[in-house]
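Student: Take this structure, written in structure tokens, and hold onto it; I'll ask about it next.
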Amino acid sequence: MTETLPARGTAAQPISADTQAPAHSAEHRPALPSLTGARWWAAFAVFVLHALVFLPVYPFQKSELFRHIHQWIPMQLGAAGVTFFFVLSGFIIYWSFRPGMSVRGFYRRRVLKIYPTHLLAAAAFVVVASVPLSRAVVWVPNLLLVHTWVPKWTTVGGLNVPSWSLAAEMLFYLSFPLVLPLIRRIPTRRLLLAMVLLMLGIAALHTGYFLWADGPKGIANAFAPRLVPGNTSPYYELHASPAWFAQPNIPVSPSYWLSYTFPLSRLPEFFLGVLAARMVIEGRWRNTRLTLPLLALGIAYAATWVVPVNYKMSVLLLAPMTAVVATLAARDLQGVSGLTAHPRMVWLGNISFAFYLIQFPVMALITRHLIGGKEFGILGWALFSLLSLAVSTVIAAALYHWVDLPIMRRFARPRAAAPARSAVSAESGANPSP
């Protein structure tokens with residue numbers, strides 16, 4: 001017998017009396033264009049940070065001007081994009097869940113959504129950076145998306161750097177069918193309490209990392225360019241250089257690894273999104289005004305400047321970020337249009353996953369052939385950033401339309417019948433991340 005994901009309640013256990021019936025049935029949930037469009041802004045935030053750090057434009061990166069710019073565009077900008085993707089992933093996975101969907105079919109869709117684009121981006125990076133295939137420790141864990149389980153930069157940053165977040169996504173997908181029965185047992189009236197308790201658990205977890213794991217305890221930015229001597233731009237950013245791949249081991253700060261890249265640490269963020277989806281579906285989140293969630297997010301983001309690195313990545317941003325995701329969904333349900341729901345933004349959101357993965361190989365290519373061996377100031381950096389943005393967008397569009405969509409349409413649909421359109425883009429799923 002084929003195992004299936006449980007519907008609301010189970011066949012043997014009806015919905016409890018204190019659980020409100022869904023406001024939108026699983027078979028007829030509408031598309032959420034605002035959430036799709038918002039994915040682009042999250043991916044773009046990651047791109048801005050990466051362009052600043054991963055384009056080794058000398059002497060600009062060694063200038064006082066760069067230092068000031070990096071103070072205003074710190075690591076938590078990119079981390080905020082990843083946090084959004086993790087919460088969004090949980091929201092969309094639950095939103096697009098249909099009763100009776102088989103566990104095997106669920107896993108097949110998730111693998112087909114993630115791996116083809118990931119493998120192509122990784123292959124592009126191998127070619128661009130001339131990655132030595134003899135060093136299996138560099139690329140095999142990355143291809144299998146298990147590299148962030150090991151606290152060594154040789155593996156965590158061993159290949160296409162942005163793909164670290166996909167290892168967390170794979171854990172999210174693996175755990176969802178297993179935890180779903182527990183999520184279903186939470187009465188509707190206690191969903192908010194469950195989210196508060198989960199947030200407190202996340203804060204306690206990261207406080208434990210801060211107190212007991214080795215690593216920086218100050219509030220300084222921990223993610224900055226790795227510079228080499230001289231004012232001439234190198235041909236390789238360090239994470240794409242032959243010297244990097246030749247290292248037998250590159251240690252990473254335990255507290256940084258535990259707080260940011262360790263998949264288990266990010267798992268609760270996914271389930272915050274799952275709980276938020278339940279709140280929207282069951283009518284517990286009806287707010288359609290973005291002013292307060294965005295204001296709270298702005299205040300939380302400002303606070304990241306004055307907290308240790310363990311709290312910069314996601315902890316302070318999670319509650320307002322979840323509120324933004326839920327509010328965008330509520331706006332779509334109420335027919336409230338906005339910038340992120342514009343068709344062009346929705347298209348950008350659809351290609352954002354490929355854009356997120358291909359940006360670093362593109363930057364490595366531009367560095368090797370256009371930046372290396374020369375000297376540039378801020379205008380040169382701005383030019384190469386715009387070029388990286390344009391090239392990454394074009395390649396991402398090609399990957400989405402010629403790889404992702406055909407694969408999802410051909411292989412990811414249930415075998416019995418074509419599914420109804422029910423999620424953020426019928427085949428889009430959720431990223432990234434970052």
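We name chains A, B, ... following the order of the structure tokens; residues begin at 1 in each chain, and ligands are numbered from 1 as shown.
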May I have a table of the residues of stretch 366-420 of chain A lying at most 12 Å from stretch 339-353 of chain A, giving each one's closest pair of atoms and their distance in Å to one decimal, counting only C-alpha atoms, ordered by chain and ascending residue number, as JSON lines?
Tutor:
```
{"residue": "A:Leu389", "atom": "CA", "partner": "A:Ser352", "partner_atom": "CA", "distance": 11.8}
{"residue": "A:Ser392", "atom": "CA", "partner": "A:Ser352", "partner_atom": "CA", "distance": 10.0}
{"residue": "A:Thr393", "atom": "CA", "partner": "A:Ile351", "partner_atom": "CA", "distance": 7.8}
{"residue": "A:Val394", "atom": "CA", "partner": "A:Ile351", "partner_atom": "CA", "distance": 9.5}
{"residue": "A:Ile395", "atom": "CA", "partner": "A:Ile351", "partner_atom": "CA", "distance": 9.4}
{"residue": "A:Ala396", "atom": "CA", "partner": "A:Ile351", "partner_atom": "CA", "distance": 5.7}
{"residue": "A:Ala397", "atom": "CA", "partner": "A:Ile351", "partner_atom": "CA", "distance": 5.7}
{"residue": "A:Ala398", "atom": "CA", "partner": "A:Ile351", "partner_atom": "CA", "distance": 8.8}
{"residue": "A:Leu399", "atom": "CA", "partner": "A:Ile351", "partner_atom": "CA", "distance": 8.0}
{"residue": "A:Tyr400", "atom": "CA", "partner": "A:Ile351", "partner_atom": "CA", "distance": 5.7}
{"residue": "A:His401", "atom": "CA", "partner": "A:Ile351", "partner_atom": "CA", "distance": 8.5}
{"residue": "A:Trp402", "atom": "CA", "partner": "A:Ile351", "partner_atom": "CA", "distance": 11.3}
{"residue": "A:Val403", "atom": "CA", "partner": "A:Ile351", "partner_atom": "CA", "distance": 11.2}
{"residue": "A:Asp404", "atom": "CA", "partner": "A:Ile351", "partner_atom": "CA", "distance": 9.3}
{"residue": "A:Leu405", "atom": "CA", "partner": "A:Asn350", "partner_atom": "CA", "distance": 10.0}
```
Student: Mind checking DSSP for stretch 36-183 of chain A and telling me the alpha helix (DSSP H) residues as a ChimeraX atom specification?
Tutor: /A:36-54,64-72,75-95,103-129,136-143,153-156,164-183
Student: Would you mind listing what lies within 10 Å of A:Ile73 as a PDB file with all heavy atoms, in the first residue's frame, with only C-alpha atoms counted and same-chain residues fewer than 3 positions away left out?
Tutor:
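This went into selection13.pdb:
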```
ATOM      1  N   ALA A  45      18.587  40.568  -2.200  1.00  0.00           N
ATOM      2  CA  ALA A  45      19.337  40.954  -0.998  1.00  0.00           C
ATOM      3  C   ALA A  45      20.592  40.103  -0.858  1.00  0.00           C
ATOM      4  O   ALA A  45      21.679  40.610  -0.526  1.00  0.00           O
ATOM      5  CB  ALA A  45      18.451  40.814   0.240  1.00  0.00           C
ATOM      6  N   VAL A  48      23.196  41.298  -3.482  1.00  0.00           N
ATOM      7  CA  VAL A  48      23.891  42.545  -3.144  1.00  0.00           C
ATOM      8  C   VAL A  48      25.061  42.263  -2.209  1.00  0.00           C
ATOM      9  O   VAL A  48      26.178  42.766  -2.415  1.00  0.00           O
ATOM     10  CB  VAL A  48      22.912  43.553  -2.518  1.00  0.00           C
ATOM     11  CG1 VAL A  48      23.664  44.761  -1.956  1.00  0.00           C
ATOM     12  CG2 VAL A  48      21.894  44.021  -3.557  1.00  0.00           C
ATOM     13  N   LEU A  49      24.819  41.457  -1.182  1.00  0.00           N
ATOM     14  CA  LEU A  49      25.915  41.127  -0.266  1.00  0.00           C
ATOM     15  C   LEU A  49      27.008  40.347  -0.976  1.00  0.00           C
ATOM     16  O   LEU A  49      28.204  40.622  -0.804  1.00  0.00           O
ATOM     17  CB  LEU A  49      25.383  40.328   0.919  1.00  0.00           C
ATOM     18  CG  LEU A  49      26.462  39.904   1.922  1.00  0.00           C
ATOM     19  CD1 LEU A  49      27.072  41.118   2.604  1.00  0.00           C
ATOM     20  CD2 LEU A  49      25.896  38.944   2.961  1.00  0.00           C
ATOM     21  N   LEU A  52      29.231  42.453  -3.144  1.00  0.00           N
ATOM     22  CA  LEU A  52      30.163  43.248  -2.353  1.00  0.00           C
ATOM     23  C   LEU A  52      31.334  42.409  -1.870  1.00  0.00           C
ATOM     24  O   LEU A  52      32.478  42.873  -1.851  1.00  0.00           O
ATOM     25  CB  LEU A  52      29.427  43.863  -1.159  1.00  0.00           C
ATOM     26  CG  LEU A  52      30.137  45.001  -0.421  1.00  0.00           C
ATOM     27  CD1 LEU A  52      30.293  46.211  -1.317  1.00  0.00           C
ATOM     28  CD2 LEU A  52      29.377  45.364   0.846  1.00  0.00           C
ATOM     29  N   ARG A  67      35.039  49.954   3.389  1.00  0.00           N
ATOM     30  CA  ARG A  67      34.762  49.624   4.785  1.00  0.00           C
ATOM     31  C   ARG A  67      33.462  50.282   5.244  1.00  0.00           C
ATOM     32  O   ARG A  67      32.647  49.655   5.924  1.00  0.00           O
ATOM     33  CB  ARG A  67      35.931  50.074   5.669  1.00  0.00           C
ATOM     34  CG  ARG A  67      35.820  49.600   7.112  1.00  0.00           C
ATOM     35  CD  ARG A  67      37.016  50.051   7.923  1.00  0.00           C
ATOM     36  NE  ARG A  67      36.992  51.493   8.123  1.00  0.00           N
ATOM     37  CZ  ARG A  67      36.267  52.103   9.067  1.00  0.00           C
ATOM     38  NH1 ARG A  67      35.504  51.394   9.889  1.00  0.00           N
ATOM     39  NH2 ARG A  67      36.295  53.411   9.198  1.00  0.00           N
ATOM     40  N   HIS A  68      33.260  51.527   4.856  1.00  0.00           N
ATOM     41  CA  HIS A  68      32.034  52.218   5.241  1.00  0.00           C
ATOM     42  C   HIS A  68      30.811  51.596   4.554  1.00  0.00           C
ATOM     43  O   HIS A  68      29.759  51.443   5.188  1.00  0.00           O
ATOM     44  CB  HIS A  68      32.137  53.702   4.895  1.00  0.00           C
ATOM     45  CG  HIS A  68      33.045  54.478   5.796  1.00  0.00           C
ATOM     46  ND1 HIS A  68      32.879  54.540   7.158  1.00  0.00           N
ATOM     47  CD2 HIS A  68      34.151  55.226   5.530  1.00  0.00           C
ATOM     48  CE1 HIS A  68      33.819  55.280   7.709  1.00  0.00           C
ATOM     49  NE2 HIS A  68      34.604  55.717   6.730  1.00  0.00           N
ATOM     50  N   ILE A  69      30.959  51.249   3.283  1.00  0.00           N
ATOM     51  CA  ILE A  69      29.837  50.623   2.577  1.00  0.00           C
ATOM     52  C   ILE A  69      29.478  49.293   3.229  1.00  0.00           C
ATOM     53  O   ILE A  69      28.294  48.974   3.424  1.00  0.00           O
ATOM     54  CB  ILE A  69      30.182  50.419   1.085  1.00  0.00           C
ATOM     55  CG1 ILE A  69      30.298  51.778   0.386  1.00  0.00           C
ATOM     56  CG2 ILE A  69      29.138  49.551   0.404  1.00  0.00           C
ATOM     57  CD1 ILE A  69      30.767  51.684  -1.053  1.00  0.00           C
ATOM     58  N   HIS A  70      30.499  48.519   3.582  1.00  0.00           N
ATOM     59  CA  HIS A  70      30.240  47.208   4.168  1.00  0.00           C
ATOM     60  C   HIS A  70      29.606  47.335   5.549  1.00  0.00           C
ATOM     61  O   HIS A  70      28.933  46.403   6.024  1.00  0.00           O
ATOM     62  CB  HIS A  70      31.538  46.408   4.247  1.00  0.00           C
ATOM     63  CG  HIS A  70      31.316  44.923   4.389  1.00  0.00           C
ATOM     64  ND1 HIS A  70      30.146  44.295   4.027  1.00  0.00           N
ATOM     65  CD2 HIS A  70      32.120  43.940   4.875  1.00  0.00           C
ATOM     66  CE1 HIS A  70      30.244  42.994   4.258  1.00  0.00           C
ATOM     67  NE2 HIS A  70      31.423  42.762   4.795  1.00  0.00           N
ATOM     68  N   GLN A  76      24.158  40.432   7.652  1.00  0.00           N
ATOM     69  CA  GLN A  76      22.764  40.104   7.958  1.00  0.00           C
ATOM     70  C   GLN A  76      21.799  40.488   6.848  1.00  0.00           C
ATOM     71  O   GLN A  76      20.638  40.061   6.873  1.00  0.00           O
ATOM     72  CB  GLN A  76      22.336  40.719   9.286  1.00  0.00           C
ATOM     73  CG  GLN A  76      22.577  42.196   9.434  1.00  0.00           C
ATOM     74  CD  GLN A  76      23.878  42.496  10.161  1.00  0.00           C
ATOM     75  OE1 GLN A  76      24.873  41.831   9.942  1.00  0.00           O
ATOM     76  NE2 GLN A  76      23.858  43.503  11.027  1.00  0.00           N
ATOM     77  N   LEU A  77      22.251  41.273   5.872  1.00  0.00           N
ATOM     78  CA  LEU A  77      21.391  41.539   4.716  1.00  0.00           C
ATOM     79  C   LEU A  77      21.144  40.247   3.945  1.00  0.00           C
ATOM     80  O   LEU A  77      19.998  39.885   3.649  1.00  0.00           O
ATOM     81  CB  LEU A  77      22.016  42.583   3.803  1.00  0.00           C
ATOM     82  CG  LEU A  77      21.228  42.870   2.520  1.00  0.00           C
ATOM     83  CD1 LEU A  77      19.891  43.523   2.838  1.00  0.00           C
ATOM     84  CD2 LEU A  77      22.032  43.739   1.561  1.00  0.00           C
ATOM     85  N   GLY A  78      22.218  39.541   3.615  1.00  0.00           N
ATOM     86  CA  GLY A  78      22.060  38.255   2.931  1.00  0.00           C
ATOM     87  C   GLY A  78      21.378  37.228   3.815  1.00  0.00           C
ATOM     88  O   GLY A  78      20.550  36.441   3.353  1.00  0.00           O
TER      89      GLY A  78
END
```
Student: Residues within 12 Å of stretch 174-180 of chain A, please, as a ChimeraX atom specification. Count only C-alpha atoms; anything in the same chain fewer than 4 positions from it doesn't count.
Tutor: /A:3-10,89-94,97,99-111,167-170,184-186,263-264,267-268,270-271,273-275,278
Student: Neighbouring residues of A:Val150 were defined as those with any atom within 12 Å, considering only C-alpha atoms; residues of the same chain fewer than 5 positions away were excluded. Please report them as a VMD selection string.
Tutor: chain A and resid 137 to 138 141 to 142 145 155 to 158 164 167 249 to 254 257 to 258 261 to 263
Student: With only C-alpha atoms as the counted atoms, please give the residues lying no more than 9 Å from A:Met199, apart from itself and same-chain residues fewer than 4 positions off, as a short mmCIF file (atom, residue, chain, number, x, y, z; two decimals) with C-alpha atoms, in the first residue's frame.
Tutor:
```cif
data_model
loop_
_atom_site.label_atom_id
_atom_site.label_comp_id
_atom_site.auth_asym_id
_atom_site.auth_seq_id
_atom_site.Cartn_x
_atom_site.Cartn_y
_atom_site.Cartn_z
CA ALA A 194 2.73 27.18 19.42
CA MET A 195 4.51 29.80 17.33
CA ALA A 203 16.10 32.04 21.00
CA ALA A 204 17.16 29.60 23.74
CA PRO A 268 12.49 25.38 13.44
CA GLU A 269 12.37 28.33 11.01
CA LEU A 272 7.35 28.58 11.82
CA VAL A 315 16.74 35.08 15.58
CA LEU A 318 12.12 35.55 12.50
CA ALA A 319 8.96 36.90 14.15
#
```
